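Student: Structure file final-v7.cif (mmCIF, C-alpha atoms and all ligand atoms) is given on the next line.
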data_final
#
loop_
_atom_site.label_atom_id
_atom_site.label_comp_id
_atom_site.auth_asym_id
_atom_site.auth_seq_id
_atom_site.Cartn_x
_atom_site.Cartn_y
_atom_site.Cartn_z
CA MET E 22 81.44 116.18 91.17
CA ILE E 23 80.45 113.48 93.64
CA LEU E 24 78.45 114.23 96.77
CA ILE E 25 78.59 111.87 99.72
CA LYS E 26 75.37 112.49 101.59
CA ASN E 27 74.10 111.41 105.02
CA ALA E 28 77.44 110.05 106.22
CA ARG E 29 78.65 110.63 109.76
CA PRO E 30 80.05 113.03 110.84
CA HIS E 31 79.48 115.16 107.72
CA ASP E 32 78.77 115.31 104.00
CA VAL E 33 81.70 115.46 101.58
CA LEU E 34 81.77 117.01 98.12
CA LEU E 35 84.42 115.85 95.68
CA ASP E 36 85.58 117.77 92.64
CA GLY E 37 87.58 115.39 90.47
CA ALA E 38 90.54 114.13 92.44
CA THR E 39 90.21 116.77 95.18
CA ILE E 40 87.93 117.24 98.17
CA LYS E 41 85.98 120.45 97.58
CA LYS E 42 83.95 120.81 100.73
CA VAL E 43 83.29 119.07 104.03
CA GLY E 44 80.29 119.84 106.25
CA LYS E 45 76.60 120.37 105.66
CA ILE E 46 76.28 120.51 101.89
CA SER E 47 73.17 121.57 99.99
CA GLU E 48 74.74 121.83 96.53
CA LYS E 49 73.75 119.40 93.80
CA ALA E 50 76.29 117.06 92.18
CA GLU E 51 76.30 114.80 89.13
CA GLN E 52 76.55 111.76 91.36
CA THR E 53 75.25 111.38 94.89
CA ILE E 54 76.24 108.51 97.16
CA ASP E 55 73.78 107.90 99.95
CA ALA E 56 75.99 106.98 102.89
CA LYS E 57 73.32 106.59 105.52
CA GLY E 58 74.64 104.50 108.43
CA LEU E 59 78.24 104.88 107.26
CA VAL E 60 81.14 106.80 108.76
CA VAL E 61 83.32 108.75 106.33
CA VAL E 62 87.03 108.90 107.16
CA PRO E 63 90.16 109.80 105.18
CA GLY E 64 91.30 106.96 102.93
CA LEU E 65 93.11 104.46 105.18
CA VAL E 66 96.90 104.27 104.90
CA ASP E 67 98.86 101.07 105.61
CA MET E 68 102.50 102.01 105.98
CA HIS E 69 103.88 98.46 106.11
CA VAL E 70 103.01 95.81 103.52
CA HIS E 71 104.95 93.26 101.49
CA PHE E 72 103.99 92.64 97.89
CA ARG E 73 106.25 90.24 96.05
CA GLU E 74 106.68 91.83 92.65
CA PRO E 75 109.12 91.80 90.97
CA GLY E 76 110.41 88.28 91.48
CA ARG E 77 107.78 86.34 93.40
CA GLU E 78 104.57 87.08 91.51
CA ASP E 79 103.31 83.64 92.57
CA LYS E 80 102.86 85.09 96.09
CA GLU E 81 101.47 88.57 95.36
CA THR E 82 101.67 91.10 92.55
CA ILE E 83 101.45 94.84 92.97
CA ALA E 84 98.03 94.65 91.25
CA SER E 85 96.67 91.91 93.53
CA GLY E 86 98.06 93.67 96.58
CA ALA E 87 96.58 97.01 95.52
CA ALA E 88 93.21 95.30 95.02
CA ALA E 89 93.45 93.65 98.45
CA ALA E 90 94.16 97.09 99.92
CA ILE E 91 90.96 98.50 98.41
CA ALA E 92 88.95 95.50 99.62
CA GLY E 93 90.23 96.22 103.12
CA GLY E 94 89.48 99.96 102.93
CA PHE E 95 93.07 101.13 102.33
CA THR E 96 93.62 103.79 99.66
CA SER E 97 97.39 104.06 100.16
CA VAL E 98 100.03 101.53 101.13
CA ALA E 99 103.82 101.59 101.46
CA VAL E 100 105.46 98.47 100.14
CA MET E 101 108.68 97.19 101.68
CA ALA E 102 111.81 96.66 99.61
CA ASN E 103 112.26 92.90 100.07
CA SER E 104 110.48 91.62 96.95
CA GLY E 105 112.14 89.01 94.70
CA ARG E 106 114.26 91.81 93.25
CA VAL E 107 115.20 94.08 96.14
CA CYS E 108 114.10 97.69 95.68
CA ASP E 109 117.50 99.22 96.38
CA ASP E 110 117.84 101.74 93.55
CA ALA E 111 115.83 104.35 91.65
CA VAL E 112 114.81 101.80 89.00
CA GLY E 113 113.13 99.70 91.68
CA VAL E 114 111.22 102.72 93.00
CA VAL E 115 110.04 103.76 89.54
CA TYR E 116 108.97 100.18 88.82
CA VAL E 117 106.67 100.10 91.87
CA GLN E 118 105.15 103.44 90.88
CA ALA E 119 104.52 102.36 87.27
CA LYS E 120 102.94 99.07 88.33
CA SER E 121 100.79 100.89 90.86
CA ARG E 122 99.45 103.30 88.23
CA GLU E 123 98.77 100.40 85.88
CA ALA E 124 96.91 98.47 88.61
CA GLY E 125 94.57 101.37 89.36
CA GLY E 126 93.80 100.21 92.90
CA ALA E 127 95.27 101.79 95.99
CA ASN E 128 98.22 104.17 95.73
CA VAL E 129 101.33 102.07 96.23
CA TYR E 130 104.36 103.91 97.59
CA ALA E 131 107.84 102.42 97.47
CA VAL E 132 110.08 102.01 100.50
CA GLY E 133 113.71 101.79 99.40
CA ALA E 134 116.21 99.41 100.95
CA VAL E 135 118.71 100.87 103.42
CA THR E 136 121.50 98.56 102.28
CA LYS E 137 122.32 97.09 98.88
CA GLY E 138 120.54 93.77 98.42
CA LEU E 139 119.41 93.96 102.07
CA LYS E 140 122.81 92.48 102.90
CA GLY E 141 123.51 94.90 105.73
CA GLU E 142 126.97 95.67 104.36
CA GLU E 143 126.85 98.75 102.17
CA LEU E 144 124.39 101.67 102.09
CA ALA E 145 122.10 101.75 99.06
CA GLU E 146 121.70 104.97 97.06
CA LEU E 147 119.21 106.63 99.37
CA GLY E 148 119.52 110.01 97.62
CA LYS E 149 118.62 108.67 94.20
CA MET E 150 115.76 106.60 95.58
CA SER E 151 114.48 109.61 97.50
CA GLU E 152 114.57 111.70 94.33
CA ALA E 153 112.65 108.97 92.49
CA GLY E 154 109.93 109.09 95.15
CA ALA E 155 110.80 106.54 97.85
CA VAL E 156 108.84 107.59 100.95
CA ALA E 157 111.12 105.91 103.52
CA PHE E 158 113.97 103.43 103.82
CA SER E 159 113.97 99.99 105.35
CA ASP E 160 115.68 96.62 105.26
CA ASP E 161 112.53 95.17 106.85
CA GLY E 162 112.61 91.42 107.02
CA MET E 163 116.27 91.80 107.95
CA ALA E 164 117.72 93.59 110.94
CA ILE E 165 120.55 96.08 110.45
CA THR E 166 122.98 94.57 112.91
CA ASN E 167 125.86 96.92 112.17
CA SER E 168 125.35 99.96 114.41
CA GLU E 169 127.77 102.15 112.48
CA LEU E 170 125.84 101.47 109.28
CA MET E 171 122.57 102.31 111.03
CA ARG E 172 124.10 105.54 112.26
CA ARG E 173 125.10 106.52 108.73
CA ALA E 174 121.68 105.52 107.37
CA LEU E 175 120.03 107.88 109.88
CA GLU E 176 122.45 110.70 109.06
CA TYR E 177 121.89 110.22 105.35
CA SER E 178 118.09 109.85 105.44
CA LYS E 179 117.86 112.97 107.61
CA MET E 180 119.14 114.98 104.64
CA PHE E 181 115.96 113.99 102.74
CA ASP E 182 113.75 114.23 105.82
CA LYS E 183 112.65 110.60 105.43
CA PRO E 184 112.44 107.98 108.17
CA ILE E 185 114.28 104.71 108.57
CA LEU E 186 111.67 102.01 109.25
CA ALA E 187 113.49 99.73 111.65
CA HIS E 188 112.91 96.00 111.96
CA CYS E 189 114.25 95.77 115.50
CA GLU E 190 115.67 92.31 116.14
CA ASP E 191 118.97 91.33 117.69
CA THR E 192 119.42 88.25 115.52
CA THR E 193 122.14 86.83 117.77
CA LEU E 194 119.34 86.27 120.31
CA THR E 195 116.75 84.89 117.89
CA ARG E 196 118.59 82.27 115.86
CA GLY E 197 116.24 79.50 114.71
CA PHE E 198 113.27 80.94 116.60
CA VAL E 199 109.82 79.60 115.91
CA MET E 200 107.82 81.62 118.44
CA ASN E 201 107.93 83.87 121.49
CA GLU E 202 110.33 82.75 124.22
CA GLY E 203 108.36 82.00 127.36
CA ARG E 204 106.18 79.52 129.16
CA VAL E 205 104.45 78.28 125.98
CA SER E 206 107.68 77.78 124.00
CA ALA E 207 109.15 75.85 126.92
CA LYS E 208 106.08 73.65 127.06
CA LEU E 209 106.14 72.99 123.30
CA GLY E 210 109.92 72.59 123.17
CA LEU E 211 110.24 75.22 120.46
CA ARG E 212 113.02 77.78 120.05
CA GLY E 213 112.03 81.20 121.28
CA TYR E 214 112.54 84.88 120.43
CA PRO E 215 112.80 86.79 123.72
CA ASN E 216 111.24 90.23 124.18
CA ALA E 217 114.71 91.58 124.93
CA ALA E 218 115.91 90.87 121.38
CA GLU E 219 113.39 93.40 120.07
CA ALA E 220 113.75 95.94 122.89
CA VAL E 221 117.56 96.17 122.84
CA MET E 222 117.55 96.97 119.12
CA ALA E 223 114.75 99.50 119.52
CA ALA E 224 116.78 101.14 122.31
CA ARG E 225 119.92 101.17 120.17
CA ASP E 226 118.01 102.77 117.30
CA CYS E 227 116.52 105.42 119.60
CA TYR E 228 120.00 106.31 120.89
CA LEU E 229 121.28 106.48 117.32
CA ALA E 230 118.35 108.73 116.37
CA ALA E 231 119.30 110.97 119.31
CA LEU E 232 122.93 110.98 118.19
CA THR E 233 122.16 111.83 114.57
CA GLY E 234 118.91 113.78 114.74
CA GLY E 235 117.53 111.27 112.25
CA HIS E 236 113.99 109.87 112.36
CA VAL E 237 113.69 106.23 113.33
CA HIS E 238 110.35 104.45 113.09
CA VAL E 239 110.07 101.21 115.07
CA CYS E 240 108.15 98.64 113.03
CA HIS E 241 105.70 96.10 114.47
CA VAL E 242 106.17 96.66 118.21
CA SER E 243 105.34 93.36 119.92
CA ALA E 244 107.03 93.42 123.34
CA LYS E 245 106.03 95.45 126.38
CA GLU E 246 109.67 96.46 126.90
CA THR E 247 109.71 98.02 123.43
CA VAL E 248 106.67 100.13 124.28
CA ASP E 249 108.61 101.41 127.31
CA VAL E 250 111.66 102.17 125.18
CA VAL E 251 109.62 104.21 122.68
CA ARG E 252 107.68 105.99 125.41
CA ARG E 253 110.86 107.05 127.19
CA ALA E 254 112.59 108.11 123.97
CA LYS E 255 109.61 110.28 122.99
CA LYS E 256 109.68 111.96 126.40
CA GLN E 257 113.32 112.81 125.77
CA GLY E 258 112.40 114.46 122.48
CA ILE E 259 114.05 111.85 120.28
CA ARG E 260 112.65 111.63 116.75
CA VAL E 261 111.05 108.23 117.09
CA THR E 262 107.69 106.94 115.88
CA ALA E 263 106.29 103.43 116.05
CA GLU E 264 103.66 101.10 114.68
CA ALA E 265 101.82 98.00 115.87
CA ALA E 266 100.28 95.20 113.83
CA PRO E 267 96.72 93.97 114.42
CA HIS E 268 97.84 90.45 115.38
CA HIS E 269 100.00 91.84 118.19
CA LEU E 270 96.94 93.69 119.46
CA MET E 271 94.65 90.65 119.49
CA LEU E 272 96.46 87.30 119.68
CA THR E 273 98.88 85.66 122.13
CA ASP E 274 101.50 82.90 121.86
CA GLU E 275 98.95 80.46 123.32
CA ALA E 276 97.54 80.34 119.78
CA LEU E 277 100.53 78.18 118.85
CA LEU E 278 99.55 75.30 121.14
CA ASP E 279 98.28 73.43 118.06
CA TYR E 280 101.45 74.16 116.06
CA GLU E 281 99.58 76.03 113.32
CA SER E 282 101.65 78.04 110.87
CA LYS E 283 99.00 80.75 110.53
CA TYR E 284 100.26 82.01 113.89
CA LYS E 285 103.91 82.17 112.85
CA MET E 286 105.32 85.59 112.13
CA ASN E 287 108.27 87.85 112.93
CA PRO E 288 108.13 89.31 115.53
CA PRO E 289 106.13 86.48 117.08
CA LEU E 290 102.87 86.60 119.01
CA ARG E 291 103.67 87.43 122.63
CA THR E 292 101.91 87.08 125.98
CA ARG E 293 98.70 88.71 127.21
CA GLU E 294 100.81 91.18 129.19
CA ASP E 295 102.58 92.26 126.02
CA VAL E 296 99.32 92.55 124.06
CA ASP E 297 97.90 94.77 126.79
CA ALA E 298 101.03 96.94 126.84
CA VAL E 299 101.00 97.35 123.05
CA LEU E 300 97.29 98.21 123.18
CA GLU E 301 97.97 100.79 125.87
CA GLY E 302 100.76 102.20 123.69
CA VAL E 303 98.38 102.63 120.76
CA VAL E 304 95.67 104.19 122.94
CA ASP E 305 98.01 106.76 124.54
CA GLY E 306 99.76 107.54 121.25
CA THR E 307 103.17 106.12 122.17
CA ILE E 308 102.60 103.86 119.19
CA ASP E 309 101.57 106.22 116.41
CA ALA E 310 100.34 103.92 113.67
CA ILE E 311 98.63 100.60 113.02
CA ALA E 312 100.06 98.68 110.05
CA SER E 313 99.22 95.20 108.80
CA ASP E 314 102.71 93.84 107.94
CA HIS E 315 100.77 92.04 105.17
CA ALA E 316 103.17 89.26 104.13
CA PRO E 317 101.82 86.74 101.61
CA HIS E 318 103.38 83.33 101.01
CA THR E 319 102.24 80.41 98.88
CA ALA E 320 100.01 77.76 100.45
CA GLU E 321 102.73 75.13 99.90
CA GLU E 322 105.23 77.18 101.88
CA LYS E 323 102.86 77.85 104.76
CA GLU E 324 101.69 74.21 104.88
CA GLN E 325 105.15 72.99 105.88
CA GLU E 326 105.76 72.03 109.49
CA LEU E 327 105.97 74.94 111.89
CA ALA E 328 109.76 75.08 112.20
CA ALA E 329 110.25 75.07 108.41
CA CYS E 330 107.47 77.37 107.22
CA PRO E 331 108.22 81.05 106.51
CA ASN E 332 107.19 83.85 108.85
CA GLY E 333 104.27 86.06 107.86
CA ILE E 334 100.55 86.29 107.41
CA ILE E 335 98.35 88.51 105.28
CA GLY E 336 96.40 91.36 106.81
CA LEU E 337 95.17 94.03 104.40
CA GLU E 338 91.63 92.68 104.22
CA THR E 339 91.20 92.05 107.95
CA THR E 340 93.02 94.94 109.68
CA LEU E 341 90.08 97.33 109.90
CA GLY E 342 87.65 94.62 111.05
CA VAL E 343 90.09 93.29 113.65
CA ILE E 344 90.85 96.73 115.08
CA LEU E 345 87.18 97.76 115.28
CA SER E 346 86.15 94.37 116.71
CA LEU E 347 88.69 94.67 119.55
CA LYS E 348 86.71 97.60 120.95
CA LYS E 349 89.79 98.56 122.99
CA ILE E 350 91.01 101.54 120.98
CA PRO E 351 88.68 104.57 120.78
CA PHE E 352 87.33 104.87 117.21
CA ASP E 353 88.94 108.23 116.48
CA ARG E 354 92.37 107.11 117.74
CA ALA E 355 92.12 103.89 115.71
CA ILE E 356 91.31 105.86 112.57
CA ASP E 357 94.07 108.38 113.28
CA ALA E 358 96.51 105.45 113.60
CA MET E 359 95.45 104.26 110.14
CA THR E 360 95.25 107.68 108.41
CA ALA E 361 96.85 110.89 109.69
CA ALA E 362 99.65 109.20 111.68
CA PRO E 363 101.11 107.05 108.89
CA ALA E 364 100.62 109.86 106.34
CA ARG E 365 102.58 112.21 108.62
CA ILE E 366 105.36 109.68 109.28
CA LEU E 367 105.82 109.02 105.56
CA GLY E 368 105.27 112.64 104.52
CA LEU E 369 102.41 111.76 102.16
CA LYS E 370 101.07 115.14 101.05
CA GLY E 371 97.29 115.33 100.61
CA LYS E 372 96.75 111.96 102.35
CA GLY E 373 95.36 110.99 105.73
CA ALA E 374 93.12 114.05 106.09
CA LEU E 375 89.52 114.92 105.38
CA LYS E 376 89.27 118.61 104.51
CA ALA E 377 88.87 120.89 101.50
CA GLY E 378 91.85 120.86 99.16
CA VAL E 379 93.32 117.44 99.94
CA ASP E 380 93.19 114.35 97.70
CA ALA E 381 89.77 112.75 97.26
CA ASP E 382 90.76 109.48 98.94
CA LEU E 383 87.99 108.34 101.26
CA THR E 384 86.88 105.25 103.10
CA LEU E 385 83.23 104.78 104.06
CA ILE E 386 83.04 102.44 107.03
CA ASP E 387 80.03 100.41 108.08
CA PRO E 388 80.81 100.06 111.80
CA LYS E 389 77.92 97.64 112.36
CA ALA E 390 78.55 95.25 109.47
CA SER E 391 79.13 91.80 110.87
CA TRP E 392 81.02 89.37 108.66
CA THR E 393 82.98 86.15 108.78
CA VAL E 394 86.55 86.04 107.49
CA ASP E 395 86.69 83.79 104.44
CA PRO E 396 90.16 83.63 102.88
CA ALA E 397 88.69 82.18 99.67
CA SER E 398 87.04 85.55 99.02
CA PHE E 399 90.28 87.56 99.43
CA ARG E 400 91.63 89.68 96.62
CA SER E 401 95.12 89.00 97.94
CA MET E 402 96.83 85.94 96.47
CA GLY E 403 97.81 85.00 100.02
CA ARG E 404 95.42 82.86 102.03
CA CYS E 405 97.20 82.43 105.32
CA THR E 406 95.36 84.41 107.99
CA PRO E 407 94.98 83.74 111.71
CA TYR E 408 91.48 85.20 111.52
CA GLU E 409 90.00 82.50 109.27
CA LYS E 410 86.34 81.88 110.19
CA MET E 411 86.49 84.64 112.82
CA LYS E 412 83.39 86.83 113.15
CA LEU E 413 84.28 90.51 112.92
CA THR E 414 82.21 93.67 113.26
CA GLY E 415 82.99 96.64 111.04
CA ARG E 416 84.32 96.85 107.54
CA ALA E 417 84.84 99.21 104.61
CA ALA E 418 81.63 99.62 102.61
CA LYS E 419 82.91 101.97 99.91
CA VAL E 420 86.34 103.19 98.93
CA ILE E 421 87.19 106.22 96.80
CA VAL E 422 90.69 106.80 95.42
CA GLY E 423 91.48 110.06 93.62
CA GLY E 424 87.77 110.79 93.25
CA ARG E 425 87.12 107.38 91.67
CA LEU E 426 84.72 104.93 93.33
CA CYS E 427 86.72 101.68 93.59
CA SER E 428 84.37 99.44 95.52
ZN ZN E 501 109.83 93.28 110.04
ZN ZN E 502 107.36 93.47 107.44
#
Written as C-alpha cells, that's how I'd like the structure from this file.

Tutor:
Amino acid sequence: MILIKNARPHDVLLDGATIKKVGKISEKAEQTIDAKGLVVVPGLVDMHVHFREPGREDKETIASGAAAAIAGGFTSVAVMANSGRVCDDAVGVVYVQAKSREAGGANVYAVGAVTKGLKGEELAELGKMSEAGAVAFSDDGMAITNSELMRRALEYSKMFDKPILAHCEDTTLTRGFVMNEGRVSAKLGLRGYPNAAEAVMAARDCYLAALTGGHVHVCHVSAKETVDVVRRAKKQGIRVTAEAAPHHLMLTDEALLDYESKYKMNPPLRTREDVDAVLEGVVDGTIDAIASDHAPHTAEEKEQELAACPNGIIGLETTLGVILSLKKIPFDRAIDAMTAAPARILGLKGKGALKAGVDADLTLIDPKASWTVDPASFRSMGRCTPYEKMKLTGRAAKVIVGGRLCS
C-alpha cells in the first residue's frame, strides 16, 4: 500500500494497482509519499499522439514516447495509426499493446485506421481492431475526403460504440499550404490554409454524425468557425466531441514571421481571434479535451526550409506547463480536459477519475514550479518544440501508473 499524504485536495491510499481510499486518511501504509505543496489529480490522458513505431523508430519509439508521456505527467496516451506501418488491422493493435507493456511507461492505447493504409479508399477491419482493443478509429494525418466512406465509418464504428477521430481538412482548399491563410501569409508570400477548409469538414462530419447516430470527435480545433460548428452541433444533440492542442491555445501565425519550422504544423497556427475563440471553447466545454498532437520528426527533416519541412511538433513534455502557464482556463476545467473528458471519449474504464476502486494512475502537480523548456532534456526523441527556452509555471512532480511510482 502507498499513502499519498498532505496533497491537495485530499490524501490518497493505493492498494496495488487500485485506488483504495480518497479523503482524510489516518491509516498507515508501507510507503508514504509526502506531497506537501502538490495537487493530486487523476493520471493525465493525452488522446492524440503520434509515435513512429513500427517503421520510423528513428523519430520515436513506443518506449521513448511512453517515457516522454510520464515526464510530462501523462499516464495514458492514445497513439494514432499513421506510423511507418499503418495500424489498420488487429495485428497492428496488438503490436502497440505488447510494446507498451514492454516499455513500462504510460499506458499506450492504439487508435486503428479508418481506411486501409490510410488511403481513403476502402474501410479497414474496424470490428477486428475493436475486438483487439483499439479505442477509436482515425486516419489522422490524412483527411477522409470521401463523404460516403465517412458515413459508413460512422455507421460501422457506432456498432462498437467507438468514436471516429476526425482530422477535418478539405484538402482541395489546402494544397501546398505552409501556414494559416491571412494577413501574415500574404505578407510572407506563403501558401495558406483558410479557416473554412477546417470548418466545412467539421460541419460535414457533424451532419454525418447526425445522419448515422455515430460519434465524431473533431481533432485539433484551430479555427473560430470550427468552434461555432461544434457548439451548434452539440446544441442540436449531435454526438460530437472535440479537442484542442496547446499550441492553438497559445500561439498565433505571427510566430512564422521568421520562417521557423518549429511553428509549422497541421492545422496551422491561426490568428489571435481564433486563439481566443478556441480558448473560449475549452473554457465553456464546447471543446471537451486538450491533446498534444505530439508529432516527432528528425532534426534533419525539421531543419529543411519552411515549405519543404514536415508538419508537426512534439508536445507531451510541455502540454501541462503550457496550459497552466496560460492562466486562461480554470484549473479544474483544464484538468478535466486532460483526464475525465478524454477517458470518457475513448471509453477508458478506470481512467481519468480519482475515487476508490479505479486504477491507481495519478499525477502529482507542482503548480508553482517554474522551469525553462530545454529540448535537450526531453525523453522524447523529437526536439522540435515552439516552446524552446520558454519559462513555464507548473509541471508534474510525481507520476504513478498502476500503483507504481514512475518518476
Ligand atoms: Zn490531424
Ligand atoms: Zn495528429

Student: Between E:Ser401, E:Asn27, E:Thr166, E:Asn216, which has the minimum distance to Thr193 (chain E) (counting all atoms listed in the file)?

Tutor: E:Thr166

Student: Measuring atom to atom with all atoms listed in the file, identify which of E:Ala187, E:Leu337, E:Val394, E:Ala266 is nearest to Gly86 (chain E).

Tutor: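 The answer is E:Leu337, which sits nearest to Gly86 (chain E).
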
Student: Using all atoms listed in the file, determine which residues fall within 10 Å of ligand ZN 502 (chain E), then list them as number ranges by chain.

Tutor: E: 68-71, 100-103, 159-163, 186-188, 240-241, 266, 286-288, 312-316, 332-334

Student: Considering only C-alpha atoms, can you say which of E:Ile83, E:Met271, E:Ala220, E:Cys227 comes closest to Glu246 (chain E)?

Tutor: E:Ala220

Student: Using all atoms listed in the file, can you tell me which of E:Pro289, E:Pro215, E:Gly113, E:Pro30 comes closest to ligand ZN 501 (chain E)?

Tutor: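 Among the listed residues, E:Pro289 lies closest to ligand ZN 501 (chain E).
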
Student: Between E:Tyr228, E:Lys45, E:Gly148, E:Ala265, which residue has the minimum interatomic distance to ligand ZN 501 (chain E), considering all atoms listed in the file?

Tutor: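 Smallest distance to ligand ZN 501 (chain E) is found for E:Ala265.
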
Student: Given the choices E:Ala90, E:Leu59, E:Arg73, E:Val239, which gets closest to ligand ZN 501 (chain E) if the distance is worked out from all atoms listed in the file?

Tutor: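 Checking each of E:Ala90, E:Leu59, E:Arg73, E:Val239 against ligand ZN 501 (chain E), counting all atoms listed in the file, the winner is E:Val239.
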
Student: Kindly give the distance, in Å, that separates CA of Leu277 (chain E) and CA of Thr292 (chain E), rounded to a single decimal.

Tutor: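 If I compute the distance from CA of Leu277 (chain E) to CA of Thr292 (chain E), I get 11.5 Å.
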
Student: As an exercise, work out the distance from CA of Ala87 (chain E) to CA of Cys189 (chain E) in Å and give it to one decimal place.

Tutor: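 Pair CA of Ala87 (chain E) / CA of Cys189 (chain E) returns 26.7 Å.
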